[in-house]
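Asks: Before anything else, here's the structure in question.
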Number of protein chains: 2
Amino acid sequence: MSASTSRLLQRLASFVPLSPEELRVLETAAGPARLHRPHEDLAREGETAAHIGLLVSGFAFRCRVLSDGRRQIISYLIPGDLCDARNLLLPVATHTVSTLTAANVAPFGRETLLGLIERHPRIGQALCCLALVEELIAREWLVNVGQRTAIERLAHLLCEIFTRMRTVGLTDHGRCELPLTQVELADSLALSTVHVNRTLQELRRQGLVSLSGGMLEIHDFEALQAVAMFSGHYLEPGPAHPERAQRRIAPR
Amino acid sequence: MSASTSRLLQRLASFVPLSPEELRVLETAAGPARLHRPHEDLAREGETAAHIGLLVSGFAFRCRVLSDGRRQIISYLIPGDLCDARNLLLPVATHTVSTLTAANVAPFGRETLLGLIERHPRIGQALCCLALVEELIAREWLVNVGQRTAIERLAHLLCEIFTRMRTVGLTDHGRCELPLTQVELADSLALSTVHVNRTLQELRRQGLVSLSGGMLEIHDFEALQAVAMFSGHYLEPGPAHPERAQRRIAPR
DNA sequence: AGCGGGAATTAACATGCGTTAACCACCTGT
DNA sequence: ACAGGTGGTTAACGCATGTTAATTCCCGCT
């Protein structure tokens with residue numbers, strides 16, 4: 001199981017310096033991964049989860065569905081993401097999490113993890129940072145859907161996902177896996193499928209990206225970023241107040 | 001200073017049971033309130049704050065502005081809200097916070113608060129819950145802007161704010177203060193001012209609400225909720241996993 | 001009372017995107 | 001090699017909402 005948690009550990013450690021002990025403890029806390037099929041629910045709105053799943057491989061997404069069927073995709077999960085750390089503190093899930101592809105998910109027992117946090121507060125702090133970044137992403141999506149035009153929105157989403165994939169080492173030059181249909185893009189960006197199609201073609205025509213067969217290829221990241229008015233700051237806030245982090249690591 | 005923190009304390013305690021000791025310590029941690037004028041920035045995107053402000057009275061909002069001037073209001077702050085608990089863990093603010101009206105803000109020193117959390121982990125847990133609720137609100141706004149029509153959006157926003165005002169005891173029957181201009185509503189809902197105006201009139205015509213002179217009056221909350229497809233669940237997730245909370249309070 | 005200025009309102013017109021509905025290009029199983 | 005299904009593409013048309021700009025309202029100020 002040791003390799004499967006590494007992406008998560010790396011990200012956590014980028015927020016708060018973690019001791020070898022803390023890393024080891026976290027690493028062994030995850031249960032054996034379970035393989036899920038594509039389009040399977042990992043968590044359902046209104047239910048309570050007894051464990052926190054770590055996405056080891058594959059893709060998933062969160063979404064909310066209105067009573068009349070309108071659906072808004074709220075975020076995407078890539079390898080190294082936790083399915084719902086919120087369940088540690090809040091009683092019920094407020095949205096559904098489903099797989100996009102086949103996916104391996106390693107469970108952390110909720111009680112186990114809470115115990116860990118009690119003994120190692122810095123782990124809690126790191127998890128909290130992870131949650132905060134998710135909030136920043138949610139706000140960026142709000143700005144995206146609220147203020148940007150179709151082509152800007154799409155470009156922005158692609159920039160974001162590509163950047164996130166890169167931080168977990170899942171890009172190969174300008175390429176990465178991205179198994180999204182146009183329907184899913186539409187529900188993420190609050191556009192119709194038809195318009196996503198038109199917009200995707202426009203991006204392709206401008207020679208910026210191509211997306212087909214579940215593979216995203218970015219031909220000119222600079223230009224794409226410019227179109228999207230994308231800045232990756234919100235994805236990697238970096239270590240907070242490093243002077244304090246240092247102080248806390250010293251006594252140990 | 002004791003009264004000014006009570007709204008915050010009450011909300012924190014609704015997430016995680018806090019001991020009298022913990023409440024006392026929090027209560028005395030806030031500095032003397034500072035009075036800000038309307039339309040003054042409390043925090044600016046990109047800057048680092050040395051303290052966490054508690055909004056004691058008045059209204060404020062968070063927003064992000066794109067390079068070409070388009071602006072998205074991201075959330076509203078009402079009395080009892082923290083201006084930016086994110087600054088405890090993240091180095092720089094990712095959005096601007098400005099006052100809407102004159103406002104009293106009581107500062108918690110960042111270092112003081114971090115020290116408190118170290119000694120009283122449950123305080124940290126409660127603050128974390130507060131942040132999670134903000135995230136839920138952000139996601140609801142995303143759904144709102146992404147999937148709902150103009151009238152649904154506006155109705156939803158009014159439901160949300162009214163509900164939040166009620167939980168901090170600032171409503172009087174169907175009425176509460178709400179000093180928003182139509183420009184601000186427009187930037188919250190991703191609509192034009194003109195269309196906000198049309199939509200507000202439609203809500204008034206249907207006898208659901210009236211909003212004028214900085215006062216919101218809800219004539220038929222049930223019906224408004226129905227129009228908005230509003231459910232307040234996300235605003236009050238209630239105590240998480242109460243059995244555990246109990247266990248932790250016992251040993252003390 | 002008159003003046004200035006922000007906010008609300010109204011009207012006329014424009015448009016980005018949605019809707020509907022075909023059609024096409026794959027793939028997969030038989 | 002065909003059937004059936006999923007996802008992508010195209011075209012024609014419609015509408016919710018945006019834009020512009022003029023007008024009115026309200027309120028504090030002198």
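Note on naming: chains are A, B, ... as they come in the structure tokens, residues start from 1 per chain, ligands start from 1 in the order shown.
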Return as a list of chain:residue names the residues belonging to chain C that are within 10 Å of chain B, counting only C-alpha atoms (C1' of nucleotides).
Replies: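 So the residues of chain C near chain B are C:DA7, C:DA8, C:DT9, C:DT10.
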Asks: Could those selected residues go to a file with N, CA and C atoms (P, O5', C5', C4', C3', O3' and C1' of nucleotides), as a PDB file, in the first residue's frame?
Replies:
```
ATOM      1  P    DA C   7     -24.760  53.936  -5.208  1.00  0.00           P
ATOM      2  O5'  DA C   7     -26.278  53.635  -5.567  1.00  0.00           O
ATOM      3  C5'  DA C   7     -27.245  53.746  -4.538  1.00  0.00           C
ATOM      4  C4'  DA C   7     -28.608  53.690  -5.172  1.00  0.00           C
ATOM      5  C3'  DA C   7     -28.878  52.414  -5.974  1.00  0.00           C
ATOM      6  O3'  DA C   7     -29.917  51.722  -5.315  1.00  0.00           O
ATOM      7  C1'  DA C   7     -29.615  54.369  -7.127  1.00  0.00           C
ATOM      8  P    DA C   8     -30.542  50.402  -5.942  1.00  0.00           P
ATOM      9  O5'  DA C   8     -31.763  50.984  -6.800  1.00  0.00           O
ATOM     10  C5'  DA C   8     -32.812  51.639  -6.109  1.00  0.00           C
ATOM     11  C4'  DA C   8     -33.879  52.027  -7.100  1.00  0.00           C
ATOM     12  C3'  DA C   8     -34.485  50.868  -7.894  1.00  0.00           C
ATOM     13  O3'  DA C   8     -35.896  51.004  -7.816  1.00  0.00           O
ATOM     14  C1'  DA C   8     -33.763  52.586  -9.364  1.00  0.00           C
ATOM     15  P    DT C   9     -36.831  49.906  -8.436  1.00  0.00           P
ATOM     16  O5'  DT C   9     -37.084  50.478  -9.900  1.00  0.00           O
ATOM     17  C5'  DT C   9     -37.743  51.724 -10.009  1.00  0.00           C
ATOM     18  C4'  DT C   9     -37.808  52.133 -11.459  1.00  0.00           C
ATOM     19  C3'  DT C   9     -38.398  51.092 -12.427  1.00  0.00           C
ATOM     20  O3'  DT C   9     -39.675  51.576 -12.810  1.00  0.00           O
ATOM     21  C1'  DT C   9     -36.551  52.269 -13.362  1.00  0.00           C
ATOM     22  P    DT C  10     -40.672  50.657 -13.631  1.00  0.00           P
ATOM     23  O5'  DT C  10     -40.298  51.009 -15.134  1.00  0.00           O
ATOM     24  C5'  DT C  10     -40.370  52.354 -15.564  1.00  0.00           C
ATOM     25  C4'  DT C  10     -39.790  52.492 -16.956  1.00  0.00           C
ATOM     26  C3'  DT C  10     -40.188  51.394 -17.947  1.00  0.00           C
ATOM     27  O3'  DT C  10     -41.122  51.962 -18.854  1.00  0.00           O
ATOM     28  C1'  DT C  10     -37.880  51.995 -18.136  1.00  0.00           C
TER      29       DT C  10
END
```
Asks: Hey, what's within 12 Å of DG4 (chain C) if we count only C-alpha atoms (C1' of nucleotides) and toss same-chain stuff fewer than 5 positions away? As JSON, numbers by chain, please?
Replies: {"D": [26, 27, 28, 29, 30]}
Asks: Write out the residues from the selection above, keeping C-alpha atoms (C1' of nucleotides), as a PDB file, in the first residue's frame.
Replies:
```
ATOM      1  C1'  DC D  26     -34.708  59.870  -3.442  1.00  0.00           C
ATOM      2  C1'  DC D  27     -31.969  62.022  -0.132  1.00  0.00           C
ATOM      3  C1'  DG D  28     -28.565  64.757   1.900  1.00  0.00           C
ATOM      4  C1'  DC D  29     -26.363  69.173   1.466  1.00  0.00           C
ATOM      5  C1'  DT D  30     -26.013  74.282   1.313  1.00  0.00           C
TER       6       DT D  30
END
```
Asks: What are the nearest atom pairs, with distances in Å to one decimal, for all residues of chain D that come at most 12 Å from chain A, using only C-alpha atoms (C1' of nucleotides), set out by chain and rising residue number as a Markdown table?
Replies:
```
| residue | atom | partner | partner_atom | distance |
| --- | --- | --- | --- | --- |
| D:DT6 | C1' | A:Thr181 | CA | 10.3 |
| D:DG7 | C1' | A:Thr181 | CA | 7.3 |
| D:DG8 | C1' | A:Asn197 | CA | 7.9 |
| D:DT9 | C1' | A:Asn197 | CA | 7.7 |
| D:DT10 | C1' | A:Val194 | CA | 9.4 |
| D:DA11 | C1' | A:Val194 | CA | 11.3 |
```
Asks: Out of region 5-248 of chain A, which residues get strand (DSSP E or B) from DSSP, as a PyMOL selection string?
Replies: chain A and resi 30+34-36+41-43+51-57+60-65+71-77+82+96-99+103-109+171-172+175-177+209-212+215-218
Asks: So which residues touch Met229 (chain A) within 8 Å, counting only C-alpha atoms (C1' of nucleotides), skipping near sequence neighbours fewer than 3 positions away, as an NGL selection string?
Replies: (:A and (152 or 156 or 225-226)) or (:B and (66-67))
Asks: Under the rule that only C-alpha atoms are counted, which of A:Pro32, A:Pro20, A:Gly109, A:Gly46 is the nearest residue to chain B?
Replies: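 Once distances to chain B are computed over only C-alpha atoms, the minimum belongs to A:Gly46.
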Asks: If the cut-off is 6 Å, can you tell me the residues of chain B near chain A, counting only C-alpha atoms? I'd like them as a count of residues only.
Replies: 11
Asks: Among region 20-220 of chain A, which residues does DSSP mark as helix (DSSP H, G or I) when it is run on the backbone? Keep the chain and numbering as in the structure and answer as a ChimeraX atom specification.
Replies: /A:20-29,85-88,110-119,121-147,150-167,182-189,193-205
Asks: Separation of CA of Gly31 (chain B) and CA of Phe59 (chain B), in Å?
Replies: 19.4 Å
Asks: Would you kindly return, as number ranges by chain, each protein, DNA or RNA residue with an atom no farther than 12 Å from any atom of Thr171 (chain B), considering only C-alpha atoms (C1' of nucleotides) and excluding same-chain residues fewer than 3 positions away?
Replies: B: 161-168, 174-178, 215-218
Asks: Filtering to N, CA and C atoms, could you give me those residues as a PDB file, in the first residue's frame?
Replies:
```
ATOM      1  N   ILE B 161     -29.504  34.440   2.705  1.00  0.00           N
ATOM      2  CA  ILE B 161     -29.105  35.517   3.607  1.00  0.00           C
ATOM      3  C   ILE B 161     -30.084  35.629   4.766  1.00  0.00           C
ATOM      4  N   PHE B 162     -31.367  35.518   4.441  1.00  0.00           N
ATOM      5  CA  PHE B 162     -32.355  35.634   5.509  1.00  0.00           C
ATOM      6  C   PHE B 162     -32.156  34.530   6.551  1.00  0.00           C
ATOM      7  N   THR B 163     -31.915  33.332   6.079  1.00  0.00           N
ATOM      8  CA  THR B 163     -31.713  32.210   6.995  1.00  0.00           C
ATOM      9  C   THR B 163     -30.485  32.433   7.876  1.00  0.00           C
ATOM     10  N   ARG B 164     -29.421  32.917   7.258  1.00  0.00           N
ATOM     11  CA  ARG B 164     -28.213  33.176   8.049  1.00  0.00           C
ATOM     12  C   ARG B 164     -28.459  34.281   9.066  1.00  0.00           C
ATOM     13  N   MET B 165     -29.160  35.291   8.659  1.00  0.00           N
ATOM     14  CA  MET B 165     -29.460  36.379   9.588  1.00  0.00           C
ATOM     15  C   MET B 165     -30.293  35.848  10.755  1.00  0.00           C
ATOM     16  N   ARG B 166     -31.175  34.940  10.456  1.00  0.00           N
ATOM     17  CA  ARG B 166     -32.030  34.400  11.504  1.00  0.00           C
ATOM     18  C   ARG B 166     -31.207  33.608  12.523  1.00  0.00           C
ATOM     19  N   THR B 167     -30.233  32.831  12.041  1.00  0.00           N
ATOM     20  CA  THR B 167     -29.467  32.025  12.999  1.00  0.00           C
ATOM     21  C   THR B 167     -28.620  32.896  13.926  1.00  0.00           C
ATOM     22  N   VAL B 168     -28.336  34.136  13.538  1.00  0.00           N
ATOM     23  CA  VAL B 168     -27.627  34.991  14.484  1.00  0.00           C
ATOM     24  C   VAL B 168     -28.562  36.010  15.124  1.00  0.00           C
ATOM     25  N   GLY B 174     -40.636  38.540   9.501  1.00  0.00           N
ATOM     26  CA  GLY B 174     -40.146  38.313   8.131  1.00  0.00           C
ATOM     27  C   GLY B 174     -39.182  39.374   7.632  1.00  0.00           C
ATOM     28  N   ARG B 175     -38.626  40.157   8.533  1.00  0.00           N
ATOM     29  CA  ARG B 175     -37.824  41.279   8.070  1.00  0.00           C
ATOM     30  C   ARG B 175     -36.392  41.237   8.590  1.00  0.00           C
ATOM     31  N   CYS B 176     -35.488  41.757   7.779  1.00  0.00           N
ATOM     32  CA  CYS B 176     -34.133  41.975   8.271  1.00  0.00           C
ATOM     33  C   CYS B 176     -33.467  43.068   7.445  1.00  0.00           C
ATOM     34  N   GLU B 177     -32.404  43.594   8.015  1.00  0.00           N
ATOM     35  CA  GLU B 177     -31.617  44.591   7.313  1.00  0.00           C
ATOM     36  C   GLU B 177     -30.919  43.911   6.147  1.00  0.00           C
ATOM     37  N   LEU B 178     -30.829  44.596   5.020  1.00  0.00           N
ATOM     38  CA  LEU B 178     -30.058  44.046   3.903  1.00  0.00           C
ATOM     39  C   LEU B 178     -29.639  45.175   2.964  1.00  0.00           C
ATOM     40  N   MET B 215     -33.797  47.359   3.494  1.00  0.00           N
ATOM     41  CA  MET B 215     -34.574  46.458   4.337  1.00  0.00           C
ATOM     42  C   MET B 215     -35.205  45.359   3.500  1.00  0.00           C
ATOM     43  N   LEU B 216     -34.988  44.130   3.889  1.00  0.00           N
ATOM     44  CA  LEU B 216     -35.590  42.994   3.196  1.00  0.00           C
ATOM     45  C   LEU B 216     -36.829  42.555   3.962  1.00  0.00           C
ATOM     46  N   GLU B 217     -37.905  42.374   3.222  1.00  0.00           N
ATOM     47  CA  GLU B 217     -39.135  41.934   3.854  1.00  0.00           C
ATOM     48  C   GLU B 217     -39.637  40.717   3.103  1.00  0.00           C
ATOM     49  N   ILE B 218     -39.710  39.611   3.778  1.00  0.00           N
ATOM     50  CA  ILE B 218     -40.168  38.392   3.118  1.00  0.00           C
ATOM     51  C   ILE B 218     -41.622  38.148   3.486  1.00  0.00           C
TER      52      ILE B 218
END
```
Asks: By how many Å are CA of Ala102 (chain B) and CA of Leu154 (chain B) apart?
Replies: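 A separation of 24.7 Å between them.
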Asks: Quick one, how far is CA of Val105 (chain A) from CA of Leu9 (chain A)?
Replies: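 CA of Val105 (chain A) sits 15.2 Å away from CA of Leu9 (chain A).
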Asks: Could you pull the residues within 12 Å of DA3 (chain D), counting only C-alpha atoms (C1' of nucleotides), minus those fewer than 4 positions along the same chain, as a list in words?
Replies: DT28, DG29 and DT30 of chain C
Asks: How about saving the chosen residues, C-alpha atoms (C1' of nucleotides) kept, as a PDB file, in the first residue's frame?
Replies:
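Output contents, as saved in selection01.pdb:
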```
ATOM      1  C1'  DT C  28     -18.407  -3.475 -29.268  1.00  0.00           C
ATOM      2  C1'  DG C  29     -20.707  -7.592 -29.153  1.00  0.00           C
ATOM      3  C1'  DT C  30     -22.651 -11.334 -31.904  1.00  0.00           C
TER       4       DT C  30
END
```
Asks: Just the residues within 9 Å of DC17 (chain C), please, counting only C-alpha atoms (C1' of nucleotides), with nothing from its chain fewer than 2 positions along; format it as a PyMOL selection string.
Replies: (chain A and resi 150+191-192+195) or (chain C and resi 15)
